[in-house]
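Shown next: coords-v7.txt, given as compact mmCIF, C-alpha atoms.
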# COMPACT_ATOMS: atom_id res chain seq x y z
CA SER A 1 1.12 14.97 -0.87
CA ILE A 2 -0.33 17.83 -2.86
CA TYR A 3 1.81 20.98 -2.82
CA ASP A 4 0.01 24.27 -2.30
CA ALA A 5 2.06 27.08 -3.85
CA CYS A 6 -0.14 29.65 -2.05
CA ASP A 7 -0.69 31.51 -5.33
CA GLY A 8 -3.78 29.71 -6.56
CA ASN A 9 -1.84 26.70 -7.86
CA TYR A 10 -1.69 23.14 -6.56
CA TYR A 11 0.81 20.54 -7.77
CA VAL A 12 1.49 16.85 -7.54
CA PHE A 13 5.20 16.10 -8.13
CA LEU A 14 5.76 12.50 -9.22
CA PRO A 15 9.06 10.54 -9.31
CA SER A 16 10.58 9.35 -12.58
CA TYR A 17 9.16 5.84 -12.40
CA ALA A 18 5.60 6.94 -11.61
CA ASP A 19 2.67 5.99 -13.81
CA LEU A 20 -0.59 7.91 -13.52
CA LYS A 21 -2.37 4.57 -13.90
CA SER A 22 -1.01 3.55 -10.50
CA VAL A 23 -1.43 6.93 -8.76
CA GLN A 24 -4.48 6.88 -6.50
CA ALA A 25 -6.50 9.77 -5.13
CA ILE A 26 -6.99 9.56 -1.36
CA LEU A 27 -9.81 11.91 -0.39
CA PRO A 28 -11.24 13.18 2.89
CA ARG A 29 -14.78 12.17 3.66
CA ASN A 30 -17.88 14.32 3.18
CA GLN A 31 -16.32 16.55 0.54
CA ILE A 32 -16.83 16.61 -3.22
CA PHE A 33 -13.84 17.20 -5.50
CA TYR A 34 -13.78 17.89 -9.23
CA LEU A 35 -10.89 18.40 -11.65
CA ASP A 36 -12.64 20.17 -14.54
CA ASP A 37 -15.77 18.05 -15.03
CA ILE A 38 -14.26 14.83 -13.61
CA ARG A 39 -15.46 13.96 -10.14
CA LEU A 40 -12.75 12.41 -7.98
CA LYS A 41 -13.54 9.27 -6.06
CA ASP A 42 -11.56 7.88 -3.16
CA GLN A 43 -8.83 5.44 -4.33
CA MET A 44 -9.57 6.06 -8.01
CA THR A 45 -6.52 5.97 -10.30
CA CYS A 46 -5.41 9.11 -12.13
CA GLU A 47 -4.96 7.59 -15.59
CA VAL A 48 -7.64 9.88 -17.05
CA PHE A 49 -5.52 12.93 -16.36
CA GLU A 50 -2.60 14.36 -18.33
CA LEU A 51 0.76 15.55 -17.10
CA GLU A 52 1.23 19.34 -16.91
CA ARG A 53 -2.28 20.10 -18.14
CA PRO A 54 -3.99 22.74 -15.95
CA TYR A 55 -7.22 21.52 -14.34
CA HIS A 56 -9.73 23.61 -12.42
CA LEU A 57 -10.05 22.23 -8.92
CA THR A 58 -13.43 22.70 -7.26
CA ILE A 59 -14.25 21.59 -3.72
CA ASN A 60 -17.91 21.38 -2.69
CA GLY A 61 -18.84 23.50 -5.68
CA GLN A 62 -16.33 26.25 -4.92
CA ASP A 63 -13.79 27.12 -7.66
CA THR A 64 -10.62 26.73 -5.59
CA ALA A 65 -7.42 26.63 -7.66
CA THR A 66 -5.54 25.37 -10.70
CA PHE A 67 -4.23 21.82 -10.36
CA ARG A 68 -1.37 20.15 -12.30
CA PHE A 69 0.52 16.86 -12.32
CA PHE A 70 4.28 17.03 -12.96
CA GLN A 71 6.67 14.12 -13.34
CA SER A 72 10.44 13.87 -13.03
CA GLN A 73 12.63 11.96 -15.49
CA ASN A 74 16.03 10.22 -15.36
CA VAL A 75 16.42 10.76 -11.60
CA ALA A 76 16.29 8.34 -8.67
CA ALA A 77 13.83 8.96 -5.82
CA MET A 78 14.57 8.95 -2.08
CA PHE A 79 11.82 8.82 0.54
CA ILE A 80 12.67 9.71 4.14
CA ASP A 81 10.10 9.51 6.93
CA THR A 82 11.14 10.83 10.34
CA VAL A 83 9.90 9.31 13.59
CA SER A 84 8.10 12.52 14.50
CA GLY A 85 6.52 12.75 11.05
CA GLU A 86 7.75 16.32 10.63
CA MET A 87 10.94 18.35 10.07
CA THR A 88 10.37 21.11 12.64
CA GLU A 89 13.05 20.15 15.18
CA ILE A 90 15.58 19.15 12.51
CA HIS A 91 15.21 22.53 10.82
CA LYS A 92 15.34 24.39 14.13
CA ASP A 93 18.66 23.01 15.39
CA LYS A 94 21.53 21.89 13.13
CA SER A 95 22.86 19.58 15.84
CA TYR A 96 19.51 17.83 16.30
CA GLU A 97 19.36 14.32 14.85
CA GLU A 98 16.27 12.19 14.41
CA PHE A 99 15.70 8.55 13.56
CA ALA A 100 14.10 8.00 10.18
CA SER A 101 13.16 5.38 7.65
CA MET A 102 14.84 5.77 4.25
CA THR A 103 13.91 4.08 0.98
CA LEU A 104 15.77 4.72 -2.27
CA TYR A 105 14.44 3.75 -5.69
CA SER A 106 16.34 3.75 -8.97
CA ILE A 107 15.18 5.67 -12.03
CA ASP A 108 13.04 2.75 -13.19
CA GLY A 109 11.52 2.16 -9.74
CA GLN A 110 13.68 -0.74 -8.58
CA LEU A 111 14.50 -0.79 -4.86
CA ASP A 112 18.10 0.34 -4.44
CA HIS A 113 18.35 0.53 -0.65
CA SER A 114 16.14 0.55 2.41
CA ASP A 115 17.07 1.40 6.00
CA LYS A 116 14.45 1.57 8.73
CA ARG A 117 16.87 2.92 11.37
CA SER A 118 18.78 5.64 9.57
CA ARG A 119 19.23 9.11 11.09
CA LEU A 120 18.76 12.54 9.56
CA LYS A 121 20.05 15.99 10.49
CA CYS A 122 20.69 19.34 8.84
CA ARG A 123 24.16 20.38 7.74
CA GLY A 124 25.92 23.28 6.01
CA ASN A 125 26.82 26.83 6.95
CA SER A 126 25.28 29.62 4.85
CA THR A 127 23.02 27.09 3.08
CA TRP A 128 21.54 26.04 6.42
CA ASP A 129 19.75 29.40 6.52
CA CYS A 130 17.99 28.72 3.20
CA ASP A 131 14.41 27.47 3.01
CA LYS A 132 15.63 24.41 1.13
CA ARG A 133 18.00 22.77 3.61
CA PRO A 134 20.92 20.39 3.04
CA TYR A 135 21.00 17.18 5.08
CA LEU A 136 23.34 14.55 6.45
CA LEU A 137 21.94 11.03 6.26
CA LYS A 138 23.47 8.36 8.50
CA LEU A 139 22.60 4.77 7.67
CA SER A 140 22.44 2.13 10.40
CA SER A 141 25.15 0.19 8.57
CA ASP A 142 27.30 0.67 5.47
CA GLY A 143 25.17 0.95 2.36
CA ASP A 144 26.09 1.18 -1.32
CA LEU A 145 23.68 3.84 -2.61
CA LEU A 146 23.26 3.97 -6.40
CA ASP A 147 26.55 2.06 -6.87
CA MET A 148 28.63 4.87 -5.36
CA GLY A 149 30.47 2.71 -2.81
CA SER A 150 29.57 1.45 0.62
CA ALA A 151 29.56 3.74 3.68
CA LYS A 152 27.25 4.98 6.44
CA LYS A 153 27.32 8.76 5.94
CA TRP A 154 25.79 10.48 2.93
CA VAL A 155 25.17 14.13 2.11
CA LEU A 156 22.07 15.55 0.42
CA LEU A 157 23.17 18.83 -1.19
CA ALA A 158 20.24 21.20 -1.66
CA ASN A 159 21.90 23.50 -4.26
CA ALA A 160 19.71 26.22 -2.79
CA TYR A 161 21.82 28.99 -4.33
CA ASP A 162 21.99 27.28 -7.72
CA GLU A 163 18.70 26.98 -9.58
CA THR A 164 20.44 25.10 -12.41
CA ASN A 165 21.48 22.40 -9.90
CA LEU A 166 24.51 21.80 -12.13
CA ASN A 167 27.47 23.57 -10.50
CA ASN A 168 28.52 20.99 -7.92
CA LYS A 169 27.89 18.10 -10.30
CA LEU A 170 29.92 19.72 -13.08
CA VAL A 171 32.91 20.26 -10.78
CA PHE A 172 32.75 16.74 -9.35
CA ASP A 173 32.62 15.31 -12.88
CA LEU A 174 35.49 17.53 -14.05
CA ALA A 175 37.67 16.69 -11.04
CA SER A 176 37.07 12.96 -11.47
CA GLN A 177 38.57 13.12 -14.96
CA VAL A 178 41.87 14.70 -13.94
CA ASN A 179 44.46 13.22 -11.61
CA ILE A 180 43.49 15.05 -8.42
CA GLY A 181 42.87 12.04 -6.18
CA TRP A 182 39.62 10.99 -4.54
CA VAL A 183 36.51 12.91 -5.63
CA PRO A 184 33.06 12.45 -4.01
CA GLU A 185 30.75 10.49 -6.27
CA SER A 186 27.31 12.00 -6.73
CA GLN A 187 23.90 11.22 -8.21
CA PHE A 188 20.73 13.33 -8.44
CA VAL A 189 17.67 12.27 -6.45
CA ASP A 190 14.15 13.61 -6.05
CA LEU A 191 13.73 13.87 -2.28
CA TYR A 192 10.43 13.27 -0.49
CA LEU A 193 10.34 14.10 3.24
CA ASN A 194 7.43 12.62 5.19
CA GLY A 195 5.55 12.22 1.93
CA GLU A 196 6.09 15.78 0.74
CA TYR A 197 8.17 16.56 -2.34
CA SER A 198 11.21 18.55 -1.17
CA GLY A 199 12.98 19.09 -4.49
CA LEU A 200 15.93 17.93 -6.54
CA TYR A 201 18.99 17.07 -4.43
CA LEU A 202 22.51 15.89 -5.19
CA LEU A 203 23.22 12.77 -3.17
CA THR A 204 26.97 12.66 -2.58
CA GLU A 205 29.59 10.81 -0.65
CA LYS A 206 30.65 12.67 2.49
CA VAL A 207 34.17 14.09 2.59
CA GLU A 208 35.67 11.84 5.24
CA VAL A 209 38.55 9.49 5.90
CA HIS A 210 37.19 6.08 4.99
CA PRO A 211 38.48 3.00 3.12
CA SER A 212 36.05 3.65 0.24
CA ARG A 213 36.49 7.44 0.29
CA LEU A 214 39.60 9.45 1.19
CA ASP A 215 41.79 6.51 2.18
CA ILE A 216 44.64 7.99 4.21
CA ASP A 217 46.31 6.49 7.26
CA ILE A 218 45.32 8.47 10.35
CA ALA A 219 47.06 5.97 12.62
CA SER A 220 50.38 6.73 10.90
CA GLY A 221 50.08 10.49 11.31
CA ASP A 222 48.01 11.56 8.29
CA PHE A 223 45.57 14.47 8.62
CA LEU A 224 42.54 15.90 6.78
CA CYS A 225 42.09 19.66 7.23
CA ARG A 226 40.19 22.53 5.70
CA LEU A 227 40.50 26.28 5.57
CA GLU A 228 37.73 28.24 7.25
CA LEU A 229 36.70 31.83 7.80
CA PRO A 230 37.59 33.52 11.11
CA ALA A 231 33.90 34.33 11.57
CA ARG A 232 33.17 30.60 11.88
CA ILE A 233 35.64 29.86 14.68
CA GLY A 234 32.76 29.34 17.11
CA MET A 235 31.39 26.51 14.96
CA LEU A 236 34.67 24.59 14.66
CA GLU A 237 35.71 21.79 16.99
CA THR A 238 39.48 21.42 16.52
CA LEU A 239 41.40 24.29 14.98
CA PHE A 240 44.56 26.35 15.03
CA GLU A 241 45.85 29.51 13.39
CA SER A 242 48.71 29.09 10.94
CA SER A 243 51.77 31.28 10.49
CA LEU A 244 50.01 33.08 7.62
CA GLY A 245 47.00 33.74 9.80
CA ARG A 246 44.83 31.03 8.26
CA ILE A 247 42.13 29.39 10.38
CA ILE A 248 42.60 25.65 9.88
CA GLU A 249 40.09 23.09 11.10
CA VAL A 250 41.34 19.56 11.73
CA CYS A 251 38.63 17.25 10.38
CA TYR A 252 40.47 13.96 10.93
CA PRO A 253 41.61 12.66 13.32
CA LYS A 254 38.79 13.72 15.60
CA GLU A 255 40.02 15.32 18.85
CA PRO A 256 43.76 14.75 18.24
CA PRO A 257 46.15 14.91 21.23
CA GLU A 258 47.77 18.29 21.84
CA ALA A 259 51.15 16.92 20.74
CA ASP A 260 49.71 15.81 17.39
CA LEU A 261 48.07 19.20 16.91
CA GLU A 262 51.36 20.95 17.58
CA TYR A 263 53.12 18.66 15.11
CA LEU A 264 50.50 19.37 12.45
CA SER A 265 50.88 23.09 13.08
CA TYR A 266 54.62 22.70 12.51
CA LEU A 267 54.05 20.79 9.26
CA VAL A 268 51.65 23.48 8.03
CA TRP A 269 54.32 26.08 8.86
CA LEU A 270 56.73 24.17 6.60
CA MET A 271 54.10 24.01 3.85
CA GLU A 272 53.34 27.73 4.05
CA LYS A 273 57.07 28.46 4.11
CA ASP A 274 57.41 26.70 0.75
CA PHE A 275 54.30 28.48 -0.57
CA SER A 276 55.92 31.82 0.20
CA ALA A 277 59.35 31.00 -1.19
CA GLU A 278 60.60 31.69 -4.70
CA THR A 279 62.05 28.20 -4.97
CA ASP A 280 61.30 25.39 -7.40
CA LEU A 281 58.20 23.77 -5.94
CA THR A 282 58.74 20.68 -8.07
CA GLU A 283 61.56 19.93 -5.61
CA SER A 284 59.51 20.58 -2.47
CA GLU A 285 59.72 17.83 0.11
CA ILE A 286 56.36 18.67 1.70
CA VAL A 287 54.10 20.09 -1.07
CA ASP A 288 52.43 17.89 -3.68
CA LEU A 289 52.65 20.62 -6.31
CA ASP A 290 50.52 19.02 -9.00
CA SER A 291 47.53 18.48 -6.71
CA TRP A 292 47.54 22.18 -5.78
CA VAL A 293 47.87 23.11 -9.45
CA ARG A 294 44.93 20.90 -10.45
CA ARG A 295 42.69 22.20 -7.68
CA TYR A 296 43.67 25.78 -8.54
CA ILE A 297 42.74 25.25 -12.22
CA ILE A 298 39.36 23.79 -11.19
CA ASP A 299 38.71 26.75 -8.89
CA GLU A 300 39.83 29.27 -11.51
CA ILE A 301 37.74 27.74 -14.30
CA SER A 302 34.64 27.59 -12.10
CA GLY A 303 35.23 30.99 -10.49
CA ASN A 304 34.72 29.54 -7.04
CA ILE A 305 34.27 32.50 -4.67
CA ASP A 306 34.99 30.29 -1.63
CA SER A 307 38.27 29.07 -3.07
CA ASP A 308 41.19 29.30 -0.64
CA LEU A 309 38.83 30.76 1.97
CA THR A 310 36.27 28.30 3.26
CA SER A 311 35.36 24.64 2.68
CA SER A 312 38.79 24.29 1.02
CA TYR A 313 40.11 20.87 2.00
CA PHE A 314 43.70 19.70 2.03
CA TYR A 315 45.35 16.66 3.59
CA TYR A 316 48.73 15.39 4.72
CA SER A 317 49.67 11.89 3.55
CA ASN A 318 52.89 10.08 2.69
CA GLY A 319 54.90 13.04 3.90
CA LYS A 320 53.26 15.68 1.65
CA PHE A 321 50.36 18.11 1.69
CA CYS A 322 47.85 17.56 -1.10
CA ALA A 323 44.99 19.84 -2.17
CA GLY A 324 41.50 18.38 -2.12
CA PRO A 325 39.00 16.86 -2.07
CA VAL A 326 36.92 19.36 -4.07
CA TRP A 327 33.77 20.54 -2.31
CA ASP A 328 31.10 23.28 -2.28
CA TYR A 329 30.74 24.90 -5.72
CA ASP A 330 27.07 25.92 -5.71
CA MET A 331 27.96 29.61 -6.06
CA ALA A 332 30.56 29.06 -8.80
CA PHE A 333 30.25 29.64 -12.57
CA GLY A 334 29.04 33.23 -12.31
CA ASN A 335 26.34 32.40 -9.79
CA HIS A 336 27.40 35.26 -7.49
CA TYR A 337 28.15 38.91 -8.14
CA ARG A 338 31.77 38.35 -7.04
CA ASN A 339 32.51 35.92 -9.88
CA GLN A 340 30.64 37.55 -12.75
CA GLU A 341 33.67 39.58 -13.86
CA ALA A 342 35.25 37.59 -16.69
CA HIS A 343 38.74 39.00 -16.08
CA ALA A 344 38.80 38.37 -12.32
CA PHE A 345 41.35 35.88 -11.01
CA ILE A 346 40.82 33.65 -7.98
CA ALA A 347 44.53 33.94 -7.17
CA LYS A 348 44.72 37.75 -7.32
CA ASN A 349 43.56 39.72 -4.31
CA ALA A 350 43.06 42.82 -6.45
CA PHE A 351 39.78 41.23 -7.55
CA LYS A 352 38.66 40.44 -3.99
CA SER A 353 37.24 42.36 -1.07
CA SER A 354 39.47 43.07 1.93
CA SER A 355 37.58 40.48 3.98
CA ARG A 356 38.01 37.66 1.44
CA GLN A 357 41.71 37.74 0.62
CA SER A 358 43.45 34.69 -0.84
CA MET A 359 46.63 33.64 0.95
CA TYR A 360 47.72 30.32 -0.50
CA TYR A 361 46.85 30.87 -4.17
CA SER A 362 48.08 34.46 -4.12
CA GLU A 363 51.49 33.24 -2.90
CA LEU A 364 51.60 30.22 -5.20
CA TYR A 365 50.63 32.27 -8.24
CA LYS A 366 53.79 34.34 -7.84
CA ASN A 367 55.96 31.23 -8.12
CA GLU A 368 57.36 30.44 -11.57
CA SER A 369 57.31 26.66 -11.02
CA PHE A 370 53.62 26.82 -10.06
CA HIS A 371 52.90 28.94 -13.14
CA GLN A 372 54.73 26.54 -15.42
CA ARG A 373 52.85 23.51 -14.12
CA ILE A 374 49.54 25.35 -14.59
CA VAL A 375 50.31 25.73 -18.29
CA GLU A 376 51.50 22.13 -18.69
CA ILE A 377 48.70 20.44 -16.78
CA TYR A 378 45.98 22.66 -18.24
CA ARG A 379 47.06 21.85 -21.78
CA SER A 380 47.65 18.13 -21.30
CA GLU A 381 44.83 17.18 -18.89
CA PHE A 382 42.16 19.87 -18.79
CA VAL A 383 41.79 21.01 -22.40
CA PRO A 384 40.60 17.60 -23.74
CA VAL A 385 38.22 17.12 -20.80
CA LEU A 386 36.82 20.64 -21.04
CA ARG A 387 36.22 20.35 -24.78
CA LYS A 388 34.21 17.18 -24.26
CA MET A 389 32.28 18.70 -21.34
CA ILE A 390 31.41 21.83 -23.30
CA CYS A 391 30.52 20.03 -26.54
CA GLN A 392 28.75 16.97 -25.12
CA ASP A 393 28.56 16.38 -21.40
CA MET A 394 26.92 19.63 -20.30
CA ASP A 395 24.10 19.34 -22.83
CA ALA A 396 23.54 15.72 -21.84
CA LEU A 397 23.43 16.63 -18.14
CA ILE A 398 21.01 19.51 -18.76
CA ALA A 399 18.74 17.27 -20.84
CA SER A 400 18.74 14.45 -18.29
CA THR A 401 17.85 16.73 -15.36
CA HIS A 402 15.48 19.09 -17.19
CA SER A 403 12.20 17.69 -15.87
CA ALA A 404 13.48 17.24 -12.33
CA ALA A 405 15.02 20.73 -12.27
CA ARG A 406 11.75 22.19 -13.55
CA MET A 407 9.79 20.59 -10.70
CA ASN A 408 12.41 21.87 -8.25
CA SER A 409 12.09 25.41 -9.63
CA ILE A 410 8.31 25.33 -9.20
CA ARG A 411 8.57 23.97 -5.68
CA TRP A 412 11.15 26.56 -4.59
CA ARG A 413 10.11 29.48 -6.83
CA GLU A 414 9.77 32.01 -4.00
CA MET A 415 13.19 31.12 -2.56
CA PHE A 416 14.96 31.46 -5.91
CA ASP A 417 13.21 34.75 -6.66
CA ASN A 418 14.28 36.15 -3.30
CA TRP A 419 17.86 35.01 -3.89
CA ASN A 420 17.98 36.54 -7.39
CA GLU A 421 16.77 39.88 -6.06
CA ARG A 422 19.72 40.21 -3.67
What do you get writing this file as structure tokens?
Amino acid sequence: SIYDACDGNYYVFLPSYADLKSVQAILPRNQIFYLDDIRLKDQMTCEVFELERPYHLTINGQDTATFRFFQSQNVAAMFIDTVSGEMTEIHKDKSYEEFASMTLYSIDGQLDHSDKRSRLKCRGNSTWDCDKRPYLLKLSSDGDLLDMGSAKKWVLLANAYDETNLNNKLVFDLASQVNIGWVPESQFVDLYLNGEYSGLYLLTEKVEVHPSRLDIDIASGDFLCRLELPARIGMLETLFESSLGRIIEVCYPKEPPEADLEYLSYLVWLMEKDFSAETDLTESEIVDLDSWVRRYIIDEISGNIDSDLTSSYFYYSNGKFCAGPVWDYDMAFGNHYRNQEAHAFIAKNAFKSSSRQSMYYSELYKNESFHQRIVEIYRSEFVPVLRKMICQDMDALIASTHSAARMNSIRWREMFDNWNER
């Protein structure tokens, strides 16, 4: 479909594999269209036109707008068509789910996956209020999308707060190169909803307990939890308040028996007891110290404002609590006024507002054994990875997504401008 920017500009946004020779113009009857002095004919190919060149569009002799073709590069393309043919109900209610047909093409246009009975719904918290929405895609059966492993549930991150589209991807790539455990795999896709270009999205594995994802043993008493804000209690299904006053949502198992919930609450009490002690955490029987150190370094480097507050996952497995998986970094790397102070520390509440106080990191940061492992792991694991990312990987990622990110910025220009003005 043609995108009307409502400012006198019309755009056609093409996927990476597109060729103007194979793009056809489908025109309504009884109207005459010109791009400059070229009259459009129904089903004619667009090979005579050039990418990004501005053309004057006239309809029935009236000078209407400026018209441009843009094309993505180096990015796969996903097409989702809902049964209703629109997104109205999905965008109105986050719990509403609709059947849809999904087709995914690789960068060079090869069919990667097709599912005629998938389901689509909105997801997210603060990002759900953005014009560019994030989505949860449920396949009818396990599917291996873009060689990221086989599962039913997939997340389409909108990166609505991050015009660079890089923050989440950078953190996922960083975390996958240090020994922090399972990290969601991710690939960029140009998303088309009911034929309309919806922007550049990051297709990721969902954070869930699954043999090909976070593979922990729920049947043997393992748990996946996350920290959440008190203001979101009404949106959480299974939760409890810890001894430190943290709101903890139990993500897996779903709807655990009351006895299991009480046992988990007791285990968290033991974990928080060790967090608050001035003992050697390398000897802790319940805290996997190095996983908390690695996640803390990632959060500190990225300046994640949600760190230790919301969307902060941790899990209990093999008798210990581990930090992770990493998730939700769109407002990291100076992308929010709270993390633009270079000397601010995620672990120090002096740099935070009274409503966004850290509890776990602030306690851990006081512990000498935690401090020592930060120094050791940062030097041995993070420094080599960060040097390579800064000198090579970031430039390569920017170059590979440049065209797709540019189309996304044009499509969502008003949203990004409104966000930047806040």
Next on the checklist: Using all atoms listed in the file and a cutoff of 12 Å, can you tell me which residues are near (32.9, 21.2, -11.7) in the file's coordinates, and write them out as a count of residues only?
Outcome noted: 41
Checklist entry - Contacts of Val23 of chain A at 9 Å or less, counting only C-alpha atoms, minus same-chain residues fewer than 4 places along, as number ranges by chain? => result A: 18-19, 43-47
Next on the checklist: Between atom CA of Leu289 of chain A and atom CA of His343 of chain A, what distance in Å does the model show, to one decimal?
Outcome noted: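 That distance, rounded to one decimal, is 25.0 Å.
Non-sequential neighbours of segment 224-229 of chain A (distance at most 7 Å, separation of 5 or more positions within a chain, only C-alpha atoms) are A:Arg246, A:Ile247, A:Ile248, A:Glu249, A:Val250, A:Cys251, A:Tyr252, A:Asp308, A:Leu309, A:Thr310, A:Ser311, A:Ser312, A:Tyr313, A:Phe314, A:Tyr315, A:Tyr316.
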Next on the checklist: Nearest residue to Arg123 of chain A out of A:Asp36, A:Glu272, A:Glu97, A:Asp4, using only C-alpha atoms?
Outcome noted: A:Glu97
Item to check | Between atom CA of Lys273 of chain A and atom CA of Gln357 of chain A, distance in Å (one decimal) | outcome: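 One can read the atom CA of Lys273 of chain A to atom CA of Gln357 of chain A distance as 18.3 Å.
Take atom CA of Ser126 of chain A and atom CA of Leu200 of chain A: the distance between them is 18.8 Å.
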Item to check | Residue contacts of segment 71-80 of chain A (6 Å, all atoms listed in the file) excluding same-chain residues fewer than 3 positions away, as a ChimeraX atom specification | outcome: /A:13-16,101-107,188-193,400,403-404
Checklist entry - Near Gly124 of chain A, within 9 Å and counting all atoms listed in the file, which residues show up once chain neighbours fewer than 5 positions away are dropped, as a list in words? => result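 Once the adjacent positions are removed, what remains is Lys94, Asp129, Arg133, Pro134, Tyr135 and Leu157 of chain A.
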File output, segment 27-82 of chain A (C-alpha atoms) as a short mmCIF file (atom, residue, chain, number, x, y, z; two decimals), in the first residue's frame:
data_model
loop_
_atom_site.label_atom_id
_atom_site.label_comp_id
_atom_site.auth_asym_id
_atom_site.auth_seq_id
_atom_site.Cartn_x
_atom_site.Cartn_y
_atom_site.Cartn_z
CA LEU A 27 -4.99 1.65 -10.06
CA PRO A 28 -8.64 2.50 -9.44
CA ARG A 29 -10.81 2.86 -12.50
CA ASN A 30 -11.85 6.13 -14.13
CA GLN A 31 -8.94 8.13 -12.75
CA ILE A 32 -5.79 9.35 -14.47
CA PHE A 33 -2.48 9.24 -12.60
CA TYR A 34 0.86 10.77 -13.55
CA LEU A 35 4.26 10.66 -11.85
CA ASP A 36 5.98 13.67 -13.44
CA ASP A 37 5.20 13.20 -17.14
CA ILE A 38 4.78 9.41 -16.96
CA ARG A 39 1.18 8.24 -17.10
CA LEU A 40 0.51 5.22 -14.90
CA LYS A 41 -1.36 2.30 -16.34
CA ASP A 42 -3.02 -0.47 -14.38
CA GLN A 43 -0.64 -3.42 -13.77
CA MET A 44 2.32 -1.63 -15.38
CA THR A 45 5.70 -2.36 -13.79
CA CYS A 46 7.64 0.41 -12.04
CA GLU A 47 11.04 -0.22 -13.64
CA VAL A 48 11.05 3.25 -15.23
CA PHE A 49 11.16 4.89 -11.81
CA GLU A 50 14.11 5.46 -9.49
CA LEU A 51 14.39 4.81 -5.79
CA GLU A 52 14.19 7.90 -3.53
CA ARG A 53 13.73 10.31 -6.43
CA PRO A 54 10.85 12.76 -5.76
CA TYR A 55 8.08 12.59 -8.37
CA HIS A 56 5.14 14.96 -8.70
CA LEU A 57 1.94 12.98 -8.37
CA THR A 58 -1.05 14.34 -10.27
CA ILE A 59 -4.52 12.79 -10.20
CA ASN A 60 -7.03 13.83 -12.88
CA GLY A 61 -4.87 16.85 -13.68
CA GLN A 62 -4.63 18.03 -10.07
CA ASP A 63 -1.12 18.46 -8.59
CA THR A 64 -1.58 16.30 -5.49
CA ALA A 65 1.68 15.44 -3.72
CA THR A 66 5.30 14.35 -3.89
CA PHE A 67 5.79 10.62 -4.41
CA ARG A 68 8.87 8.49 -3.59
CA PHE A 69 9.91 4.84 -3.65
CA PHE A 70 12.11 3.62 -0.78
CA GLN A 71 13.67 0.19 -0.38
CA SER A 72 15.05 -1.64 2.64
CA GLN A 73 18.33 -3.57 2.61
CA ASN A 74 19.78 -6.52 4.56
CA VAL A 75 16.55 -7.16 6.46
CA ALA A 76 14.01 -9.99 6.25
CA ALA A 77 10.34 -9.18 5.59
CA MET A 78 7.30 -10.44 7.50
CA PHE A 79 3.76 -10.11 6.17
CA ILE A 80 0.84 -10.60 8.56
CA ASP A 81 -2.77 -10.44 7.39
CA THR A 82 -5.46 -10.58 10.07
#
